[in-house]
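Enquirer: My structure is in target_31.cif, and what it holds is mmCIF, C-alpha atoms:
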data_entry
#
loop_
_atom_site.label_atom_id
_atom_site.label_comp_id
_atom_site.auth_asym_id
_atom_site.auth_seq_id
_atom_site.Cartn_x
_atom_site.Cartn_y
_atom_site.Cartn_z
CA ILE A 1 -89.29 153.08 19.40
CA MET A 2 -87.03 151.93 22.23
CA LEU A 3 -85.98 148.28 22.24
CA ASP A 4 -86.62 147.98 26.00
CA LYS A 5 -90.23 149.03 25.46
CA ILE A 6 -90.69 146.35 22.81
CA ILE A 7 -89.25 143.66 25.10
CA ASP A 8 -91.39 144.76 28.05
CA ASN A 9 -94.45 144.39 25.86
CA GLU A 10 -93.69 140.64 25.85
CA PHE A 11 -94.46 140.40 22.14
CA SER A 12 -98.08 139.85 23.11
CA SER A 13 -100.49 138.28 20.64
CA SER A 14 -103.74 139.86 19.56
CA VAL A 15 -107.09 138.08 19.51
CA ASP A 16 -108.03 140.06 16.41
CA PHE A 17 -106.01 140.86 13.32
CA PRO A 18 -103.86 143.91 14.20
CA MET A 19 -105.20 146.40 11.65
CA GLU A 20 -102.60 148.97 12.70
CA ILE A 21 -100.13 147.29 10.35
CA PHE A 22 -101.99 148.98 7.49
CA PRO A 23 -101.88 152.65 6.46
CA ALA A 24 -104.72 154.78 7.84
CA GLN A 25 -106.82 154.72 4.66
CA ILE A 26 -106.84 150.91 4.63
CA GLN A 27 -107.79 150.75 8.29
CA ALA A 28 -110.71 153.08 7.51
CA LEU A 29 -111.83 150.78 4.69
CA ILE A 30 -111.78 147.67 6.91
CA LYS A 31 -113.79 149.39 9.66
CA ASP A 32 -116.35 150.74 7.20
CA ALA A 33 -116.70 147.34 5.50
CA GLU A 34 -117.54 145.76 8.86
CA LYS A 35 -120.21 148.41 9.63
CA THR A 36 -121.85 148.45 6.22
CA VAL A 37 -121.62 145.04 4.55
CA GLY A 38 -120.63 142.97 7.57
CA TYR A 39 -117.22 141.78 6.38
CA ASN A 40 -115.31 140.15 9.19
CA PRO A 41 -112.25 142.38 9.70
CA ASN A 42 -109.97 139.38 10.24
CA TYR A 43 -110.94 137.88 6.88
CA LEU A 44 -110.79 141.17 4.97
CA SER A 45 -107.45 142.11 6.52
CA ALA A 46 -105.98 138.75 5.49
CA GLY A 47 -107.26 139.20 1.93
CA ILE A 48 -105.83 142.70 1.66
CA LEU A 49 -102.47 141.57 3.06
CA SER A 50 -102.28 138.78 0.47
CA VAL A 51 -103.11 141.13 -2.40
CA CYS A 52 -100.50 143.63 -1.18
CA ALA A 53 -97.83 140.92 -1.14
CA THR A 54 -98.75 139.85 -4.68
CA ALA A 55 -98.77 143.42 -5.98
CA LEU A 56 -95.22 143.93 -4.70
CA GLY A 57 -94.07 140.56 -6.02
CA ASN A 58 -90.54 140.21 -7.32
CA SER A 59 -89.93 143.96 -7.44
CA VAL A 60 -88.80 144.18 -3.80
CA THR A 61 -86.56 142.18 -1.49
CA LEU A 62 -85.33 142.63 2.06
CA PHE A 63 -81.77 141.71 3.01
CA ASN A 64 -81.44 141.08 6.75
CA GLY A 65 -77.66 140.71 6.82
CA SER A 66 -77.73 136.97 6.16
CA TYR A 67 -80.29 136.29 3.43
CA SER A 68 -82.91 137.99 1.27
CA SER A 69 -86.67 137.69 1.68
CA GLN A 70 -89.49 138.13 -0.81
CA PRO A 71 -93.13 139.06 -0.11
CA ILE A 72 -94.53 135.52 -0.42
CA LEU A 73 -97.46 134.61 1.86
CA TRP A 74 -99.61 131.48 2.09
CA LEU A 75 -102.81 132.48 3.87
CA ALA A 76 -105.84 130.42 4.86
CA ILE A 77 -108.95 131.82 6.52
CA ILE A 78 -110.99 129.37 8.57
CA GLY A 79 -114.72 129.34 9.20
CA ARG A 80 -117.80 127.20 8.82
CA GLN A 81 -119.59 127.06 5.48
CA GLY A 82 -121.89 130.05 5.05
CA ILE A 83 -120.15 132.13 7.71
CA GLY A 84 -119.06 134.80 5.21
CA LYS A 85 -115.49 133.90 4.20
CA THR A 86 -115.69 134.38 0.45
CA HIS A 87 -117.09 137.90 0.11
CA PRO A 88 -114.27 139.71 1.96
CA LEU A 89 -111.66 137.87 -0.11
CA ASN A 90 -113.52 138.63 -3.33
CA PHE A 91 -113.57 142.30 -2.43
CA ALA A 92 -109.86 142.28 -1.56
CA LYS A 93 -108.87 140.87 -4.94
CA LYS A 94 -111.04 143.19 -7.06
CA PRO A 95 -108.14 145.50 -8.03
CA MET A 96 -106.25 142.45 -9.26
CA GLU A 97 -109.24 141.27 -11.25
CA LYS A 98 -109.56 144.70 -12.85
CA LYS A 99 -105.87 144.66 -13.71
CA ASP A 100 -106.18 141.20 -15.28
CA LYS A 101 -109.29 142.31 -17.21
CA ASP A 102 -107.40 145.29 -18.66
CA SER A 103 -104.49 143.00 -19.49
CA TYR A 104 -106.83 140.63 -21.33
CA THR A 105 -108.35 143.47 -23.36
CA GLU A 106 -104.86 144.63 -24.31
CA PHE A 107 -103.86 141.07 -25.19
CA LYS A 108 -106.87 140.61 -27.49
CA GLY A 109 -105.99 143.81 -29.31
CA HIS A 110 -102.38 142.72 -29.82
CA LEU A 111 -103.52 139.26 -30.91
CA LYS A 112 -105.88 140.69 -33.50
CA ALA A 113 -103.07 142.85 -34.90
CA PHE A 114 -100.72 139.85 -34.90
CA GLU A 115 -103.16 137.67 -36.83
CA SER A 116 -103.70 140.37 -39.46
CA GLN A 117 -99.98 140.62 -40.25
CA ASP A 118 -98.57 138.90 -43.32
CA LYS A 119 -95.15 138.62 -41.73
CA LYS A 120 -95.59 137.20 -38.28
CA GLY A 121 -93.50 138.44 -35.38
CA ARG A 122 -93.61 137.12 -31.85
CA LYS A 123 -97.09 136.03 -30.81
CA PRO A 124 -98.45 138.15 -27.94
CA VAL A 125 -98.92 136.51 -24.54
CA LEU A 126 -101.46 137.13 -21.82
CA LYS A 127 -100.08 138.39 -18.52
CA LYS A 128 -102.13 137.42 -15.45
CA SER A 129 -101.79 138.03 -11.73
CA LEU A 130 -104.66 135.89 -10.45
CA LEU A 131 -105.17 132.15 -10.91
CA THR A 132 -108.25 130.24 -9.77
CA ASP A 133 -108.57 127.25 -12.11
CA PHE A 134 -105.36 126.05 -13.69
CA THR A 135 -103.03 123.15 -14.41
CA PRO A 136 -99.41 123.01 -13.21
CA GLU A 137 -98.28 123.75 -16.77
CA LYS A 138 -100.54 126.82 -16.95
CA LEU A 139 -99.07 128.05 -13.65
CA ALA A 140 -95.58 127.68 -15.12
CA GLU A 141 -96.56 129.59 -18.27
CA THR A 142 -98.17 132.35 -16.21
CA LEU A 143 -95.04 132.76 -14.10
CA GLN A 144 -92.93 132.80 -17.27
CA HIS A 145 -94.83 135.79 -18.63
CA ASN A 146 -95.38 137.65 -15.36
CA ASP A 147 -92.28 139.32 -13.95
CA LYS A 148 -94.09 140.14 -10.69
CA GLY A 149 -95.68 136.88 -9.60
CA VAL A 150 -99.14 135.42 -9.10
CA LEU A 151 -101.83 134.87 -6.50
CA ILE A 152 -103.49 131.45 -6.36
CA PHE A 153 -106.99 131.98 -5.01
CA LYS A 154 -109.24 129.09 -3.96
CA ASP A 155 -112.58 129.30 -2.14
CA GLU A 156 -111.84 125.92 -0.59
CA LEU A 157 -108.13 125.25 -0.30
CA ILE A 158 -108.47 121.60 0.74
CA GLY A 159 -110.08 120.64 -2.57
CA TRP A 160 -107.21 122.19 -4.48
CA ILE A 161 -104.56 120.65 -2.24
CA ASN A 162 -106.18 117.23 -2.59
CA SER A 163 -105.91 117.59 -6.38
CA PHE A 164 -102.12 117.64 -6.25
CA ASP A 165 -100.65 115.15 -8.73
CA GLN A 166 -103.91 115.02 -10.72
CA TYR A 167 -102.07 115.85 -13.93
CA ASN A 168 -98.70 114.26 -13.24
CA LYS A 169 -98.06 111.62 -10.64
CA GLY A 170 -95.71 112.83 -7.96
CA GLY A 171 -94.03 116.11 -7.31
CA ASP A 172 -96.77 118.75 -7.05
CA GLN A 173 -96.55 119.12 -3.29
CA GLN A 174 -92.77 119.21 -3.43
CA LYS A 175 -92.89 121.82 -6.18
CA TYR A 176 -95.01 124.11 -4.03
CA LEU A 177 -92.55 123.73 -1.19
CA GLU A 178 -89.93 125.09 -3.57
CA PHE A 179 -92.25 127.94 -4.58
CA PHE A 180 -92.45 128.98 -0.94
CA ASN A 181 -88.84 130.12 -1.09
CA GLY A 182 -89.15 131.80 -4.48
CA GLY A 183 -86.80 129.38 -6.19
CA THR A 184 -86.10 128.76 -9.85
CA LEU A 185 -88.74 126.91 -11.88
CA THR A 186 -87.81 124.72 -14.84
CA VAL A 187 -90.28 122.73 -16.94
CA ASP A 188 -89.11 120.51 -19.81
CA ARG A 189 -91.84 119.81 -22.34
CA VAL A 190 -91.91 117.39 -25.27
CA SER A 191 -94.00 119.34 -27.76
CA LYS A 192 -93.36 122.91 -26.56
CA ASP A 193 -90.39 125.07 -25.65
CA PRO A 194 -89.01 124.51 -22.16
CA ILE A 195 -89.86 126.99 -19.40
CA ARG A 196 -87.38 128.57 -17.03
CA VAL A 197 -88.30 131.18 -14.43
CA GLU A 198 -85.31 132.35 -12.42
CA LYS A 199 -87.25 133.86 -9.54
CA THR A 200 -90.78 132.71 -8.74
CA ASN A 201 -93.29 134.53 -6.56
CA VAL A 202 -96.38 132.46 -5.74
CA ASN A 203 -98.83 133.70 -3.10
CA ILE A 204 -101.74 131.52 -1.93
CA LEU A 205 -105.07 132.63 -0.47
CA GLY A 206 -108.22 130.68 0.29
CA GLY A 207 -110.71 129.33 2.79
CA LEU A 208 -110.95 126.24 4.96
CA GLN A 209 -113.73 124.73 7.02
CA PRO A 210 -112.82 123.67 10.58
CA LYS A 211 -114.00 120.12 9.93
CA LYS A 212 -111.50 119.85 7.04
CA LEU A 213 -108.46 120.73 9.13
CA LYS A 214 -107.57 117.13 9.95
CA ALA A 215 -107.56 116.35 6.22
CA LEU A 216 -105.13 119.22 5.71
CA ALA A 217 -102.53 117.38 7.78
CA SER A 218 -102.80 114.16 5.75
CA ASN A 219 -100.53 112.95 2.93
CA GLY A 220 -97.41 113.90 4.86
CA ARG A 221 -98.17 117.62 4.86
CA ASN A 222 -97.54 117.84 8.57
CA ASP A 223 -94.21 116.04 8.20
CA ASP A 224 -92.72 117.79 5.17
CA GLY A 225 -93.35 121.32 6.43
CA PHE A 226 -96.17 122.15 4.02
CA LEU A 227 -98.65 122.70 6.83
CA SER A 228 -96.39 124.93 8.92
CA ARG A 229 -95.88 127.23 5.94
CA ILE A 230 -99.54 128.31 6.04
CA LEU A 231 -100.55 131.40 8.00
CA PHE A 232 -103.99 130.80 9.51
CA VAL A 233 -106.74 133.28 10.29
CA TYR A 234 -109.17 131.59 12.68
CA PRO A 235 -111.24 134.27 14.44
CA LYS A 236 -113.17 133.66 17.63
CA ASN A 237 -116.75 134.65 18.30
CA LEU A 238 -117.79 135.00 14.68
CA LYS A 239 -121.01 136.93 14.22
CA PRO A 240 -123.57 136.42 11.46
CA SER A 241 -123.39 138.89 8.59
CA LEU A 242 -126.70 140.76 8.73
CA PHE A 243 -128.01 142.77 5.79
CA THR A 244 -127.91 146.54 6.32
CA GLY A 245 -128.84 147.93 2.92
CA ARG A 246 -125.65 149.98 2.98
CA ALA A 247 -122.49 149.82 0.88
CA ILE A 248 -118.85 150.54 1.55
CA ALA A 249 -118.18 154.26 1.01
CA LYS A 250 -116.92 154.93 -2.52
CA LYS A 251 -113.97 156.95 -1.24
CA HIS A 252 -112.69 153.90 0.65
CA VAL A 253 -113.14 151.65 -2.38
CA GLU A 254 -111.30 154.08 -4.63
CA ASN A 255 -108.54 154.63 -2.10
CA TYR A 256 -108.03 150.89 -1.89
CA LYS A 257 -107.88 150.41 -5.67
CA ARG A 258 -105.41 153.27 -5.99
CA PHE A 259 -103.30 151.90 -3.17
CA ILE A 260 -102.99 148.43 -4.74
CA LEU A 261 -102.13 149.90 -8.14
CA ASN A 262 -99.48 152.07 -6.47
CA LEU A 263 -97.99 148.94 -4.92
CA TYR A 264 -97.81 147.38 -8.38
CA ASP A 265 -96.02 150.50 -9.61
CA ALA A 266 -93.62 150.79 -6.66
CA PRO A 267 -90.02 151.16 -7.85
CA PRO A 268 -87.82 148.05 -7.65
CA SER A 269 -86.05 148.05 -4.29
CA LYS A 270 -83.44 146.04 -2.43
CA ILE A 271 -84.10 147.08 1.13
CA LYS A 272 -81.65 146.47 3.97
CA THR A 273 -82.02 146.18 7.70
CA ARG A 274 -80.12 148.32 10.16
CA GLU A 275 -78.39 147.21 13.34
CA ASN A 276 -81.28 148.16 15.62
CA GLN A 277 -83.75 146.02 13.65
CA ILE A 278 -81.35 143.08 13.92
CA LYS A 279 -81.38 143.54 17.70
CA ILE A 280 -85.18 143.70 17.78
CA TYR A 281 -85.39 140.48 15.76
CA GLN A 282 -82.81 138.75 17.96
CA GLN A 283 -84.62 139.67 21.18
CA TRP A 284 -87.89 138.33 19.78
CA GLN A 285 -86.36 135.20 18.25
CA HIS A 286 -84.27 134.24 21.26
CA LYS A 287 -87.22 134.61 23.61
CA LYS A 288 -89.61 132.61 21.45
CA VAL A 289 -87.14 129.83 20.63
CA LYS A 290 -86.60 129.22 24.36
CA GLU A 291 -90.35 129.18 25.00
CA SER A 292 -91.08 126.71 22.19
CA PHE A 293 -88.01 124.48 22.53
CA ASN A 294 -89.66 121.63 24.44
CA ASP A 295 -92.71 121.27 22.19
CA ASP A 296 -92.39 119.83 18.67
CA ILE A 297 -95.41 121.66 17.27
CA GLU A 298 -94.43 125.01 18.73
CA THR A 299 -90.86 124.55 17.48
CA SER A 300 -92.13 123.86 13.95
CA VAL A 301 -94.42 126.89 14.05
CA GLN A 302 -91.63 129.11 15.38
CA ALA A 303 -89.23 128.07 12.61
CA LYS A 304 -91.60 129.22 9.86
CA LEU A 305 -92.64 132.37 11.73
CA GLU A 306 -88.98 133.40 11.76
CA THR A 307 -89.03 133.28 7.96
CA TYR A 308 -92.34 135.09 7.80
CA LEU A 309 -91.28 137.90 10.13
CA TRP A 310 -88.89 139.32 7.55
CA ARG A 311 -91.42 138.95 4.75
CA LEU A 312 -94.11 140.74 6.74
CA THR A 313 -91.65 143.45 7.75
CA LEU A 314 -90.91 144.06 4.08
CA ILE A 315 -94.61 144.21 3.13
CA ILE A 316 -95.47 146.54 6.01
CA GLU A 317 -92.55 148.82 5.20
CA MET A 318 -93.49 148.99 1.51
CA MET A 319 -97.14 149.68 2.33
CA HIS A 320 -95.96 152.62 4.41
CA GLN A 321 -93.56 153.93 1.77
CA VAL A 322 -96.20 153.70 -0.94
CA SER A 323 -98.80 155.43 1.24
CA ILE A 324 -96.54 158.47 1.73
CA ASN A 325 -94.95 158.20 -1.74
CA LYS A 326 -91.47 158.32 -0.29
CA PHE A 327 -89.09 155.46 -1.01
CA GLU A 328 -85.97 154.49 0.92
CA ASP A 329 -83.68 151.47 0.92
CA THR A 330 -83.96 150.80 4.66
CA ILE A 331 -86.77 149.73 6.96
CA SER A 332 -87.93 151.40 10.16
CA ASP A 333 -88.17 150.04 13.69
CA VAL A 334 -91.91 150.66 13.44
CA SER A 335 -92.26 148.21 10.55
CA ILE A 336 -90.53 145.32 12.29
CA THR A 337 -92.40 145.87 15.57
CA LYS A 338 -95.70 145.88 13.69
CA ALA A 339 -94.58 142.68 11.96
CA ILE A 340 -93.89 141.09 15.36
CA THR A 341 -97.40 141.99 16.51
CA LEU A 342 -98.80 140.37 13.37
CA ILE A 343 -96.57 137.31 13.75
CA GLU A 344 -97.84 136.73 17.28
CA TYR A 345 -101.41 136.92 15.99
CA PHE A 346 -100.56 134.25 13.43
CA ARG A 347 -98.82 132.15 16.10
CA SER A 348 -101.93 132.01 18.29
CA ASN A 349 -104.03 131.04 15.26
CA ALA A 350 -101.56 128.34 14.20
CA LEU A 351 -101.57 126.74 17.64
CA LYS A 352 -105.35 126.86 17.67
CA VAL A 353 -105.38 125.02 14.34
CA PHE A 354 -102.94 122.35 15.54
CA ASP A 355 -105.00 121.86 18.70
CA LYS A 356 -108.04 121.41 16.50
CA MET A 357 -106.27 118.82 14.37
CA ILE A 358 -105.28 116.61 17.28
CA SER A 359 -108.55 117.04 19.14
CA LEU A 360 -110.99 114.13 19.12
CA ASN A 361 -113.84 116.24 20.54
CA PRO A 362 -116.63 116.44 17.91
CA LEU A 363 -118.23 119.30 19.83
CA GLU A 364 -115.54 121.65 18.50
CA ASP A 365 -117.05 121.47 15.01
CA GLN A 366 -120.25 123.08 16.29
CA PRO A 367 -121.11 126.81 16.33
CA SER A 368 -120.82 128.57 19.69
CA ASN A 369 -124.56 128.56 20.46
CA LYS A 370 -124.74 124.77 20.08
CA ILE A 371 -121.62 124.29 22.19
CA GLU A 372 -123.25 126.30 24.98
CA LEU A 373 -126.51 124.39 24.52
CA PHE A 374 -124.71 121.06 24.81
CA LYS A 375 -123.01 122.17 28.02
CA SER A 376 -126.35 123.23 29.51
CA LEU A 377 -128.07 119.92 28.78
CA PRO A 378 -128.13 117.28 31.54
CA ALA A 379 -126.27 113.99 31.03
CA GLU A 380 -129.60 112.30 30.22
CA PHE A 381 -132.80 114.06 29.20
CA LYS A 382 -136.16 113.79 27.50
CA ARG A 383 -136.50 115.88 24.38
CA LYS A 384 -139.76 117.62 25.22
CA GLU A 385 -138.44 118.63 28.64
CA VAL A 386 -135.43 120.56 27.27
CA LEU A 387 -137.00 122.36 24.30
CA ASP A 388 -136.93 125.61 26.27
CA LEU A 389 -133.14 125.28 26.48
CA PHE A 390 -132.97 124.78 22.72
CA ASP A 391 -135.07 127.89 22.24
CA GLN A 392 -132.89 129.94 24.61
CA HIS A 393 -129.82 129.04 22.55
CA ASN A 394 -131.55 129.84 19.26
CA VAL A 395 -131.67 126.22 18.05
CA LYS A 396 -135.08 125.86 16.47
CA GLY A 397 -137.06 124.00 13.84
CA GLY A 398 -135.17 121.39 11.89
CA SER A 399 -131.95 122.31 13.71
CA VAL A 400 -133.28 120.55 16.82
CA ASN A 401 -133.58 117.20 15.03
CA ARG A 402 -130.25 117.58 13.25
CA PHE A 403 -128.46 118.42 16.49
CA LEU A 404 -129.98 115.55 18.43
CA GLY A 405 -129.35 113.25 15.48
CA ASN A 406 -125.59 113.87 15.69
CA LYS A 407 -124.36 110.41 16.73
CA SER A 408 -121.00 111.80 17.77
CA LEU A 409 -122.72 113.83 20.49
CA PHE A 410 -125.88 111.94 21.51
CA VAL A 411 -127.23 108.43 21.98
CA ARG A 412 -130.97 107.96 21.49
CA LEU A 413 -132.02 105.62 24.29
CA ASP A 414 -135.51 104.72 23.10
CA SER A 415 -138.42 105.74 20.90
CA LEU A 416 -139.89 107.93 23.62
CA GLY A 417 -137.50 110.85 23.07
CA ASN A 418 -134.94 110.00 25.76
CA TYR A 419 -131.30 110.90 25.00
CA LYS A 420 -127.88 110.63 26.58
CA LYS A 421 -124.86 112.83 25.94
CA LYS A 422 -121.81 110.97 24.64
CA ILE A 423 -119.22 113.37 25.97
CA ILE A 424 -119.45 115.28 29.25
#
For the structure just supplied, provide its representation as structure tokens.

Expert:
Amino acid sequence: IMLDKIIDNEFSSSVDFPMEIFPAQIQALIKDAEKTVGYNPNYLSAGILSVCATALGNSVTLFNGSYSSQPILWLAIIGRQGIGKTHPLNFAKKPMEKKDKDSYTEFKGHLKAFESQDKKGRKPVLKKSLLTDFTPEKLAETLQHNDKGVLIFKDELIGWINSFDQYNKGGDQQKYLEFFNGGTLTVDRVSKDPIRVEKTNVNILGGLQPKKLKALASNGRNDDGFLSRILFVYPKNLKPSLFTGRAIAKKHVENYKRFILNLYDAPPSKIKTRENQIKIYQQWQHKKVKESFNDDIETSVQAKLETYLWRLTLIIEMMHQVSINKFEDTISDVSITKAITLIEYFRSNALKVFDKMISLNPLEDQPSNKIELFKSLPAEFKRKEVLDLFDQHNVKGGSVNRFLGNKSLFVRLDSLGNYKKKII
């Protein structure tokens, strides 16, 4: 791939998740999942990317000439409640759940043998990759016994984030900021042995509702960089997931399971960049820094995307190497250009999220059909005279009353069914 061609492409962003970053068999899975079970490809792609990063974990690094990067991603998918966020993520993490289930069975066998011994040796420990309900101490113990790393999965990320410091006052948010860079973890305990993990790898994946985004920026998270470390997936024009009576083809499911297990088994690698990839990065970075320089939010987003570009390049390169079962200690131009495409997708989503956070327009929390309905309504109207408009926009039954009862959008003028829009 010629550098001039990459520059001419203007590093354009994609409205949809660029599935071409994945090997062909994973692209086929995502497309089939959309046709059969209605999984939104943006959500499923994000889930698969997160699982791939976790499967690689501490076994691979990328040295770019100045510093090393690990495959650590913090991903949040955004959508209204009931829009179908959870199912794609649950599917994506199934290989990890199976791996943890097998690990638990093995652990129980070792524990039974340990307890039957007269002369006790070292007590067996359970190795896990996936954490959903845990304390900070349990996270530390899991990292201590898992040389790869872990994935923290939460259906609703804001609830988990708001629980920071529930078990010890102060420090949880700061500790996660340290996890983002894969730093050393030390925990000194009174009644148990201390914990020290030289190299942590903590991936985060979960969902968020649009109306919770403002809460995400509270408690200093916008100021300390916590917020800008999250990669957002916020698709436009979401469609309802309609039942088809079909299932994802077994060959795609099996290919995916095998692919994730192969990532787990990938040989340890310290991959290096070559001069041409440094040039590609510089051209992208210099262009984007100049574009974002005069805007604080865009500058903050750009700074973290620069970190993420190397991480995503590493993940994309390793996905390719695993898919062809050929391992090298360098990356290709293709991998970094695919990573740039993905980074620009994440940039557009991040800016959309920040715009949402600072917006005071309550209409933005509504689904698209209600937004269009609101726009079509006159400034003042009588309920019975606009019911045809409600019907045209598929707002029926109890939804009519709930929509008109939204005091952020409408003022009821009298008891005769006359209303006035609050925002025009």

Enquirer: Leu404 (chain A): which residues within 12 Å, counting only C-alpha atoms, same-chain residues fewer than 6 positions away excluded, as a CSV table (one decimal) with C-alpha atoms, in the coordinates of the input?

Expert:
chain,number,residue,atom,x,y,z
A,370,LYS,CA,-124.7,124.8,20.1
A,373,LEU,CA,-126.5,124.4,24.5
A,374,PHE,CA,-124.7,121.1,24.8
A,377,LEU,CA,-128.1,119.9,28.8
A,381,PHE,CA,-132.8,114.1,29.2
A,382,LYS,CA,-136.2,113.8,27.5
A,383,ARG,CA,-136.5,115.9,24.4
A,386,VAL,CA,-135.4,120.6,27.3
A,387,LEU,CA,-137.0,122.4,24.3
A,390,PHE,CA,-133.0,124.8,22.7
A,395,VAL,CA,-131.7,126.2,18.0
A,396,LYS,CA,-135.1,125.9,16.5
A,397,GLY,CA,-137.1,124.0,13.8
A,398,GLY,CA,-135.2,121.4,11.9
A,410,PHE,CA,-125.9,111.9,21.5
A,411,VAL,CA,-127.2,108.4,22.0
A,412,ARG,CA,-131.0,108.0,21.5
A,413,LEU,CA,-132.0,105.6,24.3
A,417,GLY,CA,-137.5,110.8,23.1
A,418,ASN,CA,-134.9,110.0,25.8
A,419,TYR,CA,-131.3,110.9,25.0
A,420,LYS,CA,-127.9,110.6,26.6
A,421,LYS,CA,-124.9,112.8,25.9
A,422,LYS,CA,-121.8,111.0,24.6

Enquirer: The PyMOL selection byres ((chain A and resi 158) around 9) - which residues does that actually catch in the file I just gave you? List them as JSON, numbers by chain.

Expert: {"A": [154, 156, 157, 159, 160, 161, 162, 163, 207, 208, 209, 212, 213, 215, 216]}

Enquirer: Produce a file of the selected residues containing C-alpha atoms, as a short mmCIF file (atom, residue, chain, number, x, y, z; two decimals), in the frame of the given file.

Expert:
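Generated output (result-v6.cif):
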data_model
loop_
_atom_site.label_atom_id
_atom_site.label_comp_id
_atom_site.auth_asym_id
_atom_site.auth_seq_id
_atom_site.Cartn_x
_atom_site.Cartn_y
_atom_site.Cartn_z
CA LYS A 154 -109.24 129.09 -3.96
CA GLU A 156 -111.84 125.92 -0.59
CA LEU A 157 -108.13 125.25 -0.30
CA GLY A 159 -110.08 120.64 -2.57
CA TRP A 160 -107.21 122.19 -4.48
CA ILE A 161 -104.56 120.65 -2.24
CA ASN A 162 -106.18 117.23 -2.59
CA SER A 163 -105.91 117.59 -6.38
CA GLY A 207 -110.71 129.33 2.79
CA LEU A 208 -110.95 126.24 4.96
CA GLN A 209 -113.73 124.73 7.02
CA LYS A 212 -111.50 119.85 7.04
CA LEU A 213 -108.46 120.73 9.13
CA ALA A 215 -107.56 116.35 6.22
CA LEU A 216 -105.13 119.22 5.71
#

Enquirer: Can you tell me, as a PyMOL selection string, which residues sit within 10 Å of (-96.1, 142.2, -3.0) in the file's frame, using all atoms listed in the file?

Expert: chain A and resi 49-61+70-73+148-151+201+203+260+263-264+266+311+314-315+318-319

Enquirer: Compute the distance from (-92.4, 152.2, 8.1) to each atom, counting all atoms listed in the file, keep the residues with any atom at most 6 Å away, and return them as a PyMOL selection string; use the coordinates of the file.

Expert: chain A and resi 317+320+332+334-335

Enquirer: CA of Leu416 (chain A) and CA of Asn369 (chain A) are how many Å apart?

Expert: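 Between CA of Leu416 (chain A) and CA of Asn369 (chain A) the gap works out to 25.9 Å.
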
Enquirer: Do you have the CA of Glu364 (chain A)-CA of Ile77 (chain A) distance handy?

Expert: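 Computing it gives 17.0 Å between the two atoms.
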
Enquirer: Determine the residue set returned by the PyMOL selection byres ((chain A and resi 358) around 12) for the present structure, and present it as a ChimeraX atom specification.

Expert: /A:211,213-217,222,297,351-357,359-362,364

Enquirer: As an exercise, work out the distance from CA of Ala92 (chain A) to CA of Leu44 (chain A) in Å and give it to one decimal place.

Expert: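 Taking CA of Ala92 (chain A) as the start and CA of Leu44 (chain A) as the end point, the length is 6.7 Å.
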
Enquirer: Can you spell out as a VMD selection string the set of residues that the PyMOL selection byres ((chain A and resi 331) around 12) selects in the structure I just provided?

Expert: chain A and resid 61 to 64 269 to 278 310 to 321 327 to 330 332 to 339

Enquirer: A:Ser376, A:Ser368, A:Ser292, A:Thr200: which is nearest Phe180 (chain A), counting all atoms listed in the file?

Expert: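 For Phe180 (chain A), the nearest of the given residues is A:Thr200.
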
Enquirer: For Asn325 (chain A), which residue out of A:Asn262, A:Ser399, A:Gln302, A:Ser191 is the nearest one, using all atoms listed in the file?

Expert: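 Going through A:Asn262, A:Ser399, A:Gln302, A:Ser191 one by one, the smallest distance to Asn325 (chain A) is for A:Asn262.
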
Enquirer: Which of these, A:Trp74, A:Ile248, A:Gln81, A:Leu238, has the shortest distance to Val202 (chain A) once you count all atoms listed in the file?

Expert: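 Ranked by minimum distance to Val202 (chain A), first place goes to A:Trp74.
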
Enquirer: Choose the residue, out of A:Leu89, A:Ile195, A:Ala379, A:Val125, that has the smallest atom-to-atom separation from Glu106 (chain A); count all atoms listed in the file.

Expert: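 Answer, going by the shortest atom-to-atom distance: A:Val125.
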
Enquirer: From the list A:Arg258, A:Lys112, A:Lys31, A:Lys120, which residue is nearest Met96 (chain A) when using all atoms listed in the file?

Expert: A:Arg258

Enquirer: Would you please work out which residue, of A:Val322, A:Leu227, A:Lys384, A:Glu306, is nearest to Pro267 (chain A) when using only C-alpha atoms?

Expert: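 Nearest candidate to Pro267 (chain A) out of A:Val322, A:Leu227, A:Lys384, A:Glu306: A:Val322.
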
Enquirer: I need region 217-228 of chain A written out with C-alpha atoms, as a PDB file, in the first residue's frame; please produce it.

Expert:
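Saved file result-v1.pdb follows:
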ATOM      1  CA  ALA A 217     -18.716  12.598  32.791  1.00  0.00           C
ATOM      2  CA  SER A 218     -19.370  13.296  36.490  1.00  0.00           C
ATOM      3  CA  ASN A 219     -17.012  12.755  39.444  1.00  0.00           C
ATOM      4  CA  GLY A 220     -14.089  14.273  37.554  1.00  0.00           C
ATOM      5  CA  ARG A 221     -14.020  11.557  34.893  1.00  0.00           C
ATOM      6  CA  ASN A 222     -13.932  14.141  32.141  1.00  0.00           C
ATOM      7  CA  ASP A 223     -11.053  15.964  33.830  1.00  0.00           C
ATOM      8  CA  ASP A 224      -8.774  13.086  34.809  1.00  0.00           C
ATOM      9  CA  GLY A 225      -8.812  11.404  31.392  1.00  0.00           C
ATOM     10  CA  PHE A 226     -10.973   8.445  32.383  1.00  0.00           C
ATOM     11  CA  LEU A 227     -13.679   9.369  29.891  1.00  0.00           C
ATOM     12  CA  SER A 228     -11.339   9.896  26.948  1.00  0.00           C
TER      13      SER A 228
END
